[in-house]
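Raw coords-v8.cif, mmCIF, C-alpha atoms:
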data_final
loop_
_atom_site.label_atom_id
_atom_site.label_comp_id
_atom_site.auth_asym_id
_atom_site.auth_seq_id
_atom_site.Cartn_x
_atom_site.Cartn_y
_atom_site.Cartn_z
CA MET A 201 -5.09 12.74 30.87
CA VAL A 202 -6.69 9.44 31.87
CA GLU A 203 -4.48 6.39 31.79
CA ARG A 204 -6.18 3.51 30.04
CA THR A 205 -6.01 0.17 31.88
CA GLY A 206 -5.67 -3.25 30.23
CA PRO A 207 -3.04 -4.80 27.96
CA LYS A 208 0.25 -2.96 27.58
CA VAL A 209 2.42 -2.30 24.56
CA ASP A 210 4.51 -5.22 23.31
CA SER A 211 1.97 -7.63 24.86
CA ALA A 212 0.28 -10.74 23.46
CA ARG A 213 -2.84 -8.69 22.75
CA GLY A 214 -0.80 -6.59 20.37
CA TRP A 215 0.05 -9.68 18.33
CA LEU A 216 -3.67 -10.39 17.87
CA VAL A 217 -3.92 -6.93 16.39
CA VAL A 218 -1.06 -7.86 14.05
CA VAL A 219 -3.12 -10.87 12.92
CA SER A 220 -6.07 -8.54 12.33
CA ALA A 221 -3.91 -6.19 10.26
CA PHE A 222 -2.48 -9.12 8.31
CA GLY A 223 -5.95 -10.36 7.34
CA ALA A 224 -7.28 -6.92 6.45
CA THR A 225 -4.32 -5.95 4.26
CA PHE A 226 -4.28 -9.42 2.68
CA VAL A 227 -7.78 -9.11 1.28
CA VAL A 228 -7.95 -5.41 0.37
CA PHE A 229 -4.61 -5.30 -1.44
CA GLY A 230 -5.11 -8.77 -2.87
CA VAL A 231 -8.21 -7.45 -4.60
CA ALA A 232 -6.66 -4.11 -5.59
CA TYR A 233 -3.43 -5.56 -6.96
CA SER A 234 -5.18 -8.29 -8.93
CA PHE A 235 -6.49 -5.62 -11.31
CA GLY A 236 -3.86 -6.55 -13.90
CA ALA A 237 -5.74 -9.82 -14.45
CA PHE A 238 -8.96 -7.88 -15.15
CA PHE A 239 -7.25 -5.36 -17.43
CA ASP A 240 -7.57 -7.10 -20.81
CA PRO A 241 -11.08 -8.56 -20.30
CA MET A 242 -12.47 -5.18 -19.25
CA ALA A 243 -10.64 -3.28 -22.00
CA GLU A 244 -11.91 -5.76 -24.59
CA GLU A 245 -15.52 -5.65 -23.41
CA PHE A 246 -15.68 -1.87 -23.14
CA GLY A 247 -13.46 -1.14 -26.15
CA THR A 248 -11.10 1.12 -24.21
CA GLY A 249 -7.37 1.79 -24.56
CA SER A 250 -4.60 1.30 -22.03
CA GLY A 251 -4.85 4.81 -20.59
CA ALA A 252 -8.61 4.72 -20.01
CA THR A 253 -8.62 1.20 -18.59
CA SER A 254 -5.67 1.79 -16.28
CA ALA A 255 -7.53 4.80 -14.90
CA VAL A 256 -9.74 2.36 -12.96
CA PHE A 257 -6.71 1.33 -10.93
CA ALA A 258 -5.35 4.88 -10.79
CA ILE A 259 -8.59 6.34 -9.46
CA THR A 260 -8.79 3.59 -6.86
CA THR A 261 -5.24 4.30 -5.72
CA PHE A 262 -5.99 8.01 -5.50
CA VAL A 263 -9.14 7.35 -3.46
CA TYR A 264 -7.57 5.07 -0.87
CA PHE A 265 -4.45 7.12 -0.33
CA THR A 266 -6.42 10.38 -0.19
CA LEU A 267 -8.98 8.94 2.22
CA GLY A 268 -6.08 7.66 4.31
CA LEU A 269 -5.83 11.22 5.62
CA VAL A 270 -9.41 10.90 6.91
CA SER A 271 -9.18 7.29 8.10
CA GLY A 272 -5.84 7.97 9.79
CA ARG A 273 -7.29 10.77 11.86
CA ALA A 274 -10.42 8.66 12.51
CA VAL A 275 -8.45 5.70 13.88
CA ASP A 276 -6.62 8.02 16.29
CA ARG A 277 -10.03 9.09 17.61
CA PHE A 278 -12.29 6.04 17.32
CA GLY A 279 -9.98 3.01 17.02
CA PRO A 280 -9.74 0.50 14.15
CA ARG A 281 -12.88 -1.63 14.58
CA PRO A 282 -15.51 0.83 13.26
CA LEU A 283 -13.34 1.58 10.24
CA LEU A 284 -12.93 -2.10 9.34
CA LEU A 285 -16.70 -2.58 9.55
CA VAL A 286 -17.30 0.36 7.22
CA GLY A 287 -14.63 -0.98 4.86
CA ALA A 288 -16.28 -4.42 4.75
CA VAL A 289 -19.67 -3.00 3.75
CA VAL A 290 -18.45 -0.45 1.21
CA MET A 291 -15.90 -2.72 -0.46
CA ALA A 292 -18.38 -5.57 -0.90
CA ALA A 293 -21.01 -3.19 -2.29
CA GLY A 294 -18.52 -1.59 -4.68
CA LEU A 295 -17.35 -4.90 -6.14
CA LEU A 296 -20.89 -6.23 -6.49
CA LEU A 297 -21.92 -3.07 -8.31
CA THR A 298 -18.83 -3.22 -10.53
CA SER A 299 -19.87 -6.69 -11.64
CA ARG A 300 -23.01 -5.11 -13.14
CA VAL A 301 -21.67 -1.95 -14.83
CA ASN A 302 -22.30 -1.48 -18.55
CA ASN A 303 -19.60 1.14 -19.19
CA LEU A 304 -16.14 1.90 -17.87
CA THR A 305 -17.04 5.37 -16.61
CA LEU A 306 -19.51 3.87 -14.17
CA GLY A 307 -16.80 1.38 -13.20
CA TYR A 308 -14.58 4.28 -12.19
CA VAL A 309 -17.20 5.17 -9.57
CA THR A 310 -18.19 1.73 -8.31
CA TYR A 311 -14.75 0.12 -8.25
CA GLY A 312 -12.89 3.28 -7.28
CA THR A 313 -15.23 4.00 -4.40
CA GLY A 314 -15.68 0.42 -3.20
CA VAL A 315 -12.10 -0.78 -3.28
CA GLY A 316 -10.74 2.69 -2.49
CA VAL A 317 -12.77 3.00 0.71
CA GLY A 318 -12.02 -0.62 1.63
CA VAL A 319 -8.27 -0.11 1.41
CA ALA A 320 -8.46 3.28 3.13
CA CYS A 321 -10.31 1.76 6.09
CA ALA A 322 -7.84 -1.11 6.40
CA TYR A 323 -4.33 0.05 5.51
CA VAL A 324 -3.44 3.31 7.26
CA PRO A 325 -5.65 2.60 10.31
CA MET A 326 -4.21 -0.87 10.90
CA VAL A 327 -0.59 0.12 10.26
CA ALA A 328 -0.98 3.02 12.69
CA THR A 329 -2.69 0.77 15.25
CA VAL A 330 0.05 -1.86 15.08
CA GLY A 331 2.73 0.83 15.33
CA ALA A 332 1.12 2.16 18.52
CA TRP A 333 0.80 -1.33 20.08
CA PHE A 334 4.59 -1.85 20.00
CA GLU A 335 7.75 -0.07 21.05
CA ARG A 336 10.65 -2.53 21.31
CA ARG A 337 9.39 -4.79 18.50
CA ARG A 338 7.68 -2.19 16.35
CA ALA A 339 9.69 -2.85 13.17
CA LEU A 340 9.10 -6.59 13.41
CA ALA A 341 5.39 -6.23 14.20
CA LEU A 342 4.86 -3.85 11.29
CA ALA A 343 6.80 -6.15 8.99
CA VAL A 344 4.63 -9.14 9.94
CA ALA A 345 1.41 -7.13 9.65
CA VAL A 346 2.08 -5.86 6.15
CA THR A 347 3.17 -9.27 4.84
CA GLY A 348 -0.57 -9.61 4.34
CA ILE A 349 -0.20 -7.25 1.38
CA GLY A 350 2.47 -9.46 -0.18
CA LEU A 351 0.67 -12.74 0.35
CA GLY A 352 -2.60 -11.25 -0.84
CA THR A 353 -0.90 -10.12 -4.04
CA LEU A 354 0.81 -13.50 -4.42
CA LEU A 355 -2.36 -15.55 -4.13
CA MET A 356 -5.17 -13.37 -5.43
CA ALA A 357 -3.67 -12.15 -8.73
CA PRO A 358 -3.31 -15.67 -10.21
CA LEU A 359 -6.56 -16.69 -8.52
CA ALA A 360 -8.29 -13.82 -10.29
CA ALA A 361 -6.87 -14.93 -13.65
CA TRP A 362 -8.01 -18.52 -13.00
CA LEU A 363 -11.51 -17.44 -12.00
CA ILE A 364 -11.84 -15.05 -14.95
CA ASP A 365 -10.98 -17.88 -17.36
CA ARG A 366 -13.74 -20.04 -15.84
CA THR A 367 -16.48 -17.64 -14.75
CA GLY A 368 -15.70 -14.30 -16.39
CA TRP A 369 -14.54 -11.04 -14.84
CA ARG A 370 -18.02 -10.06 -13.60
CA ASP A 371 -18.62 -13.18 -11.50
CA THR A 372 -15.06 -12.97 -10.23
CA TYR A 373 -15.82 -9.55 -8.76
CA VAL A 374 -18.89 -11.01 -7.03
CA ILE A 375 -16.72 -13.71 -5.42
CA PHE A 376 -14.09 -11.16 -4.40
CA GLY A 377 -16.72 -8.84 -2.94
CA LEU A 378 -18.20 -11.50 -0.67
CA ALA A 379 -14.77 -12.81 0.37
CA SER A 380 -13.45 -9.34 1.21
CA ALA A 381 -16.45 -8.59 3.41
CA ALA A 382 -16.01 -11.85 5.34
CA VAL A 383 -12.29 -11.34 5.99
CA LEU A 384 -12.71 -7.71 7.05
CA LEU A 385 -15.46 -8.68 9.49
CA VAL A 386 -13.17 -11.24 11.15
CA SER A 387 -10.36 -8.69 11.26
CA ALA A 388 -12.70 -6.23 12.96
CA LEU A 389 -13.40 -8.75 15.72
CA LEU A 390 -9.66 -9.13 16.41
CA ALA A 391 -8.81 -5.44 16.23
CA ALA A 392 -8.41 -3.29 19.33
CA ARG A 393 -7.35 0.22 20.22
CA PRO A 394 -3.77 0.54 21.47
CA PRO A 395 -2.98 1.47 25.07
CA ALA A 396 -2.83 5.18 25.79
CA PRO A 397 0.68 6.63 25.37
CA ALA A 398 2.67 7.50 28.44
CA ALA A 399 2.27 11.03 29.76
CA ASP A 400 5.77 11.97 28.58
CA ALA A 401 5.47 10.34 25.17
CA THR A 402 6.63 12.34 22.16
CA THR A 403 3.57 13.97 20.60
CA ILE A 404 3.76 16.32 17.62
CA PRO A 405 0.67 18.14 16.29
CA LEU A 406 0.04 17.15 12.69
CA SER A 407 0.02 20.79 11.54
CA LYS A 408 3.55 21.14 12.93
CA ALA A 409 4.85 17.79 11.70
CA VAL A 410 3.93 18.43 8.05
CA ARG A 411 6.02 21.62 8.06
CA MET A 412 9.19 19.88 9.22
CA PRO A 413 11.93 19.19 6.65
CA PRO A 414 11.96 15.39 7.23
CA PHE A 415 8.26 15.22 6.38
CA ARG A 416 8.85 17.16 3.15
CA TRP A 417 11.70 14.84 2.11
CA LEU A 418 9.65 11.74 2.87
CA TYR A 419 6.65 13.20 1.03
CA LEU A 420 8.61 14.14 -2.10
CA SER A 421 10.28 10.73 -2.22
CA ALA A 422 6.97 8.87 -1.86
CA LEU A 423 5.42 11.04 -4.58
CA LEU A 424 8.19 10.32 -7.07
CA LEU A 425 8.29 6.65 -6.19
CA SER A 426 4.54 6.18 -6.53
CA LEU A 427 4.66 7.50 -10.10
CA ALA A 428 6.60 4.31 -10.89
CA LEU A 429 5.50 1.89 -8.21
CA PHE A 430 2.05 1.02 -9.55
CA VAL A 431 3.04 0.67 -13.20
CA PRO A 432 4.03 -3.03 -12.95
CA PHE A 433 0.82 -3.95 -11.12
CA VAL A 434 -1.19 -2.70 -14.10
CA PHE A 435 1.06 -3.20 -17.11
CA LEU A 436 3.40 -6.10 -16.35
CA PRO A 437 0.75 -8.77 -17.15
CA PRO A 438 -0.33 -7.22 -20.50
CA PHE A 439 3.34 -6.61 -21.38
CA ALA A 440 4.10 -10.30 -20.77
CA GLU A 441 1.07 -11.39 -22.79
CA GLU A 442 2.24 -9.20 -25.67
CA GLN A 443 5.51 -11.16 -25.56
CA GLY A 444 3.58 -14.43 -26.03
CA ILE A 445 3.36 -15.49 -22.38
CA SER A 446 0.13 -17.15 -21.22
CA LYS A 447 -2.44 -15.16 -19.26
CA VAL A 448 -2.06 -17.14 -16.05
CA SER A 449 1.75 -16.97 -16.19
CA ALA A 450 1.58 -13.26 -16.95
CA ALA A 451 -0.73 -12.64 -14.00
CA GLY A 452 1.59 -14.82 -11.94
CA LEU A 453 4.29 -12.17 -12.29
CA VAL A 454 2.25 -9.89 -10.05
CA GLY A 455 1.95 -12.82 -7.68
CA ILE A 456 5.74 -13.16 -7.70
CA ILE A 457 6.04 -9.47 -6.81
CA GLY A 458 3.77 -10.22 -3.87
CA ALA A 459 5.75 -13.28 -2.81
CA ALA A 460 9.07 -11.43 -2.99
CA SER A 461 7.58 -8.54 -1.06
CA VAL A 462 6.87 -10.89 1.84
CA GLY A 463 10.58 -11.57 2.18
CA GLY A 464 11.32 -7.89 1.72
CA ARG A 465 8.88 -6.86 4.44
CA LEU A 466 10.25 -9.33 6.96
CA GLY A 467 13.92 -9.31 6.00
CA LEU A 468 14.34 -5.60 5.39
CA GLY A 469 12.11 -4.78 8.35
CA ILE A 470 14.36 -6.80 10.63
CA LEU A 471 17.46 -5.37 8.95
CA GLY A 472 16.12 -1.88 9.55
CA GLY A 473 15.90 -2.62 13.25
CA ALA A 474 19.53 -3.74 13.25
CA LEU A 475 21.18 -1.20 10.93
CA GLY A 476 18.83 1.77 11.28
CA THR A 477 15.49 2.26 9.58
CA VAL A 478 16.49 5.37 7.63
CA ARG A 479 19.64 3.81 6.15
CA VAL A 480 17.89 0.61 5.09
CA TYR A 481 14.90 2.59 3.80
CA GLN A 482 17.17 4.64 1.54
CA MET A 483 18.86 1.50 0.25
CA THR A 484 15.47 -0.04 -0.43
CA ILE A 485 14.24 2.88 -2.53
CA PHE A 486 17.46 2.88 -4.57
CA CYS A 487 17.11 -0.83 -5.32
CA LEU A 488 13.46 -0.43 -6.25
CA GLY A 489 14.26 2.23 -8.84
CA LEU A 490 17.18 0.25 -10.24
CA SER A 491 15.08 -2.91 -10.59
CA PHE A 492 13.21 -1.38 -13.54
CA PHE A 493 16.40 -1.72 -15.60
CA VAL A 494 15.88 -5.49 -15.56
CA TRP A 495 12.37 -5.07 -16.97
CA LEU A 496 13.74 -2.65 -19.56
CA VAL A 497 16.13 -5.27 -20.99
CA ALA A 498 13.93 -8.33 -20.39
CA GLY A 499 12.17 -8.41 -23.74
CA GLY A 500 10.29 -11.69 -24.12
CA SER A 501 12.39 -13.58 -21.56
CA TYR A 502 10.08 -14.86 -18.85
CA ALA A 503 13.12 -15.61 -16.68
CA PHE A 504 14.18 -11.96 -16.81
CA LEU A 505 10.65 -10.85 -16.00
CA VAL A 506 10.69 -13.15 -12.97
CA VAL A 507 14.00 -11.61 -11.87
CA PHE A 508 12.49 -8.15 -12.18
CA ALA A 509 9.42 -9.23 -10.21
CA VAL A 510 11.62 -10.64 -7.43
CA LEU A 511 13.88 -7.58 -7.20
CA MET A 512 11.07 -5.06 -7.45
CA GLY A 513 8.86 -7.03 -5.06
CA THR A 514 11.59 -7.36 -2.42
CA ALA A 515 12.31 -3.63 -2.48
CA TYR A 516 8.61 -2.80 -2.58
CA GLY A 517 8.05 -4.93 0.50
CA GLY A 518 10.81 -3.10 2.32
CA PHE A 519 9.30 0.24 1.35
CA ILE A 520 5.90 -0.78 2.73
CA SER A 521 7.24 -2.07 6.06
CA LEU A 522 9.89 0.59 6.66
CA ALA A 523 7.98 3.75 5.70
CA PRO A 524 5.72 3.72 8.79
CA ALA A 525 8.66 2.71 10.98
CA VAL A 526 10.65 5.71 9.72
CA ALA A 527 7.67 7.98 10.36
CA ALA A 528 7.24 6.61 13.89
CA GLU A 529 10.96 7.05 14.56
CA LYS A 530 10.97 10.64 13.36
CA PHE A 531 7.66 11.84 14.81
CA GLY A 532 6.69 9.34 17.53
CA PRO A 533 3.81 6.82 17.65
CA ALA A 534 1.17 9.15 19.11
CA GLY A 535 -1.11 10.41 16.34
CA LEU A 536 0.64 8.15 13.83
CA GLY A 537 -2.60 7.51 11.94
CA GLY A 538 -3.05 11.14 10.99
CA LEU A 539 0.62 11.53 10.11
CA LEU A 540 0.65 8.46 7.84
CA GLY A 541 -2.59 9.58 6.25
CA ALA A 542 -1.02 12.93 5.40
CA LEU A 543 2.20 11.32 4.16
CA TYR A 544 0.37 8.86 1.92
CA THR A 545 -1.50 11.58 0.05
CA SER A 546 1.74 11.71 -1.93
CA ALA A 547 1.04 8.19 -3.15
CA ALA A 548 -2.51 9.28 -3.99
CA VAL A 549 -1.18 11.84 -6.46
CA GLY A 550 1.46 9.52 -7.87
CA GLY A 551 -0.95 6.61 -8.09
CA LEU A 552 -3.55 8.75 -9.87
CA LEU A 553 -1.09 10.10 -12.45
CA GLY A 554 1.36 7.21 -12.89
CA PRO A 555 -0.69 4.43 -14.56
CA PRO A 556 -2.69 6.69 -16.94
CA ILE A 557 0.46 8.52 -18.05
CA ALA A 558 2.17 5.16 -18.51
CA GLY A 559 -0.84 3.92 -20.49
CA MET A 560 -0.78 6.94 -22.82
CA ILE A 561 2.97 6.54 -23.40
CA ILE A 562 2.49 2.83 -24.10
CA ASP A 563 -0.29 3.55 -26.61
CA SER A 564 1.83 6.12 -28.44
CA ALA A 565 5.44 4.96 -28.05
CA GLY A 566 5.44 1.47 -26.57
CA TYR A 567 6.65 -0.04 -23.32
CA ARG A 568 10.36 0.80 -23.32
CA PRO A 569 10.04 4.58 -22.79
CA THR A 570 7.48 3.92 -20.07
CA ILE A 571 9.74 1.51 -18.21
CA ALA A 572 12.73 3.86 -18.55
CA LEU A 573 10.70 6.74 -17.12
CA ALA A 574 9.61 4.58 -14.19
CA MET A 575 13.25 3.77 -13.45
CA VAL A 576 14.17 7.46 -13.46
CA MET A 577 11.32 8.28 -11.05
CA GLY A 578 12.48 5.56 -8.66
CA LEU A 579 16.07 6.83 -8.64
CA LEU A 580 14.90 10.42 -8.09
CA ALA A 581 12.86 9.14 -5.14
CA PHE A 582 16.10 7.81 -3.64
CA ALA A 583 17.84 11.15 -4.22
CA ALA A 584 15.05 12.94 -2.36
CA LEU A 585 15.84 10.87 0.74
CA LEU A 586 19.52 11.76 0.89
CA PRO A 587 19.00 14.75 3.26
CA LEU A 588 17.65 12.33 5.89
CA SER A 589 21.12 10.82 6.28
CA ARG A 590 22.88 14.13 6.94
CA GLY A 591 22.17 14.06 10.64
CA ALA A 592 18.98 16.14 10.59
CA SER A 593 16.62 15.01 13.30
CA ALA A 594 12.92 15.58 12.79
CA VAL A 595 12.14 16.19 16.44
CA PRO A 596 13.90 16.29 19.79
CA ALA A 597 14.23 12.97 21.52
CA ARG A 598 11.22 13.72 23.73
CA VAL A 599 8.61 16.43 23.28
CA THR A 600 5.59 16.95 25.48
CA GLU A 601 2.89 18.86 23.68
CA VAL A 602 -0.85 18.60 23.60
CA PRO A 603 -1.99 17.19 20.25
CA GLU A 604 -4.42 19.18 18.19
CA THR A 605 -7.17 16.57 18.56
CA GLU A 606 -7.19 14.10 21.38
CA ALA A 607 -9.12 10.85 21.33
CA PRO A 608 -11.85 10.52 23.91
CA GLY A 609 -10.47 9.15 27.17
CA ARG A 610 -6.91 10.27 26.46
#
Would you mind giving the structure from this file in structure tokens?
Amino acid sequence: MVERTGPKVDSARGWLVVVSAFGATFVVFGVAYSFGAFFDPMAEEFGTGSGATSAVFAITTFVYFTLGLVSGRAVDRFGPRPLLLVGAVVMAAGLLLTSRVNNLTLGYVTYGTGVGVGVACAYVPMVATVGAWFERRRALALAVAVTGIGLGTLLMAPLAAWLIDRTGWRDTYVIFGLASAAVLLVSALLAARPPAPAADATTIPLSKAVRMPPFRWLYLSALLLSLALFVPFVFLPPFAEEQGISKVSAAGLVGIIGAASVGGRLGLGILGGALGTVRVYQMTIFCLGLSFFVWLVAGGSYAFLVVFAVLMGTAYGGFISLAPAVAAEKFGPAGLGGLLGALYTSAAVGGLLGPPIAGMIIDSAGYRPTIALAMVMGLLAFAALLPLSRGASAVPARVTEVPETEAPGR
């Protein structure tokens, strides 16, 4: 094994990588989570129902979480920069093509592929890269990096609604496509491969890790949670509009989720470092599931909807920042990209099924049963995590094994 020279973990160079991850996640999730603002204009133009229209978002979610398995293994081998460059090109092309589609089925392909590949090339690779750049301050670094998701959601959802009102949804996708390419190119310039792990670092082959009980508990929990997690990003704005709330204010609710998630990422990430990542992670998932009760009883009260957005967003932010920290704690930072990619396929399944099922229930029975079902899924996700607190350790404190696939030079 060749020891790589240069910057060390927990160094200033690592914080530049955090900046890169922040920018990349800001733009890709800002675009993806602004879809609620596009929902009604696209449904109206194409004459589609809630289930069919929400499938655009669901397919995209499935694509980027499924491809995370590929991009996670790729970043372990090649580093983050090539992936960000690929993401910039494909995401821009996908959004530009989406602005020209004449039917929703074609939009499934252009938007799902473009945004799906863009997120896949930015999220898992950059989270894994940041996690490997830090040891002592890993939880904080990850929390700062993924605040890009929250701020992107905060700013780009209402921006999308504002642009759609003035230029239409097609031109808005053109603007978003060019902007996403520019930001991802800058992020690629700042990105760098992490230092090689120490010779005695804990390394678990992916094929072994996925068979361990802690991985199964984490996977089941993420699957259940993701059935509920994406429902507000698609249906909260149209629900609010149905209650008589303006389009911009309705889209702003998704922005509030993003703003609250920033505090959740930082605050709960820091709290996880102090009280234990697993304990705080469990608490976070419980609160996320319970937050749907506020939406259930909100009715037409914008104040209640804001409270729901704050509670859900805070817990969602904690989930995003703590999940990779829990994985790194249980399985070690070496090969974290491949592990996270495998873990997040659970969100691919939940994200693919959740919004369309919610849309079909809304079309047939209304919003209340949908919201209640989302709450149940969130609470079951918490229950699936309970075995993690019973003292079961995923791996010994230190394991020295040769990984299945080593990056060149390692």
Item checked: Hits of the PyMOL selection byres ((chain A and resi 356) around 12) in this structure, as an NGL selection string -> :A and (226-238 or 348-355 or 357-364 or 372-373 or 375-376 or 379-380 or 448 or 451-459)
Item checked: Within 8 Å of A:Pro438 using all atoms listed in the file, minus same-chain residues under 5 positions, as a list in words -> Gly236, Phe239, Asp240 and Ala450 of chain A
Would you mind exporting the chosen residues as a tab-separated table (two decimals), in the coordinates of the input, restricted to C-alpha atoms?
chain	number	residue	atom	x	y	z
A	236	GLY	CA	-3.86	-6.55	-13.90
A	239	PHE	CA	-7.25	-5.36	-17.43
A	240	ASP	CA	-7.57	-7.10	-20.81
A	450	ALA	CA	1.58	-13.26	-16.95
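Candidate residues A:Gly532, A:Gly251, A:Leu384, A:Leu475 were compared for distance to A:Leu304, and the nearest is A:Gly251, using only C-alpha atoms.
Picture a line from atom CA of A:Arg336 to atom CA of A:Val462; it runs 21.5 Å.
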Next item on the list: With a distance cut-off of 8 Å and all atoms listed in the file, select the neighbouring residues of A:Arg465, excluding the residue or stretch itself and same-chain residues fewer than 4 positions from it, and output the selection as a ChimeraX atom specification.
Entry: /A:343-344,346-347,461,469,514,517-522
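Rounded to one decimal, atom CA of A:Ser387 and atom CA of A:Cys321 lie 11.7 Å from each other.
One finds atom CA of A:Gly287 at 7.3 Å from atom CA of A:Val319.
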Next item on the list: Could you tell me which residues the PyMOL selection byres ((chain A and resi 585) around 7) returns for this structure, as a PyMOL selection string?
Entry: chain A and resi 417-418+421+482+581-584+586-588
List as CSV every residue of stretch 373-451 of chain A that is in contact with stretch 266-278 of chain A, defined as an atom at most 12 Å from one of its atoms (using all atoms listed in the file), together with the nearest atom pair and the distance in Å rounded to one decimal, sorted by chain and then rising number.
residue,atom,partner,partner_atom,distance
A:Ala391,CA,A:Val275,CA,11.4
A:Ala392,CA,A:Phe278,CA,10.3
A:Arg393,CA,A:Phe278,CA,8.2
A:Pro394,CA,A:Asp276,CA,9.5
A:Pro395,CA,A:Asp276,CA,11.5
A:Ala396,CA,A:Asp276,CA,10.6
A:Pro397,CA,A:Asp276,CA,11.7
A:Pro405,CA,A:Arg273,CA,11.7
A:Leu406,CA,A:Arg273,CA,9.8
Next item on the list: Give me the result of the PyMOL selection byres ((chain A and resi 423) around 12) on this file, residue by residue, as a PyMOL selection string.
Entry: chain A and resi 262+265+416-422+424-430+543-554+577-578+580-582+584-585
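The list of residues with at least one atom within 12 Å of A:Ala498, based on all atoms listed in the file and without residues fewer than 4 positions apart in the same chain, reads Leu436, Phe439, Ala440, Gln443, Ser491, Phe492, Phe493, Val494, Tyr502, Ala503, Phe504, Leu505, Val506, Val507, Phe508, Ala509, Tyr567, Arg568 and Ile571 of chain A.
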Next item on the list: Return the single residue from A:Ala322, A:Leu496, A:Ala332, A:Ile470 that is closest to A:Ala381, with distances computed using only C-alpha atoms.
Entry: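 Under the stated criterion, the closest residue is A:Ala322.
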Item checked: Using all atoms listed in the file: which of A:Val330, A:Ala339, A:Val256, A:Leu540 has the shortest distance to A:Thr313 ->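 Of all the options, A:Val256 lies closest to A:Thr313.
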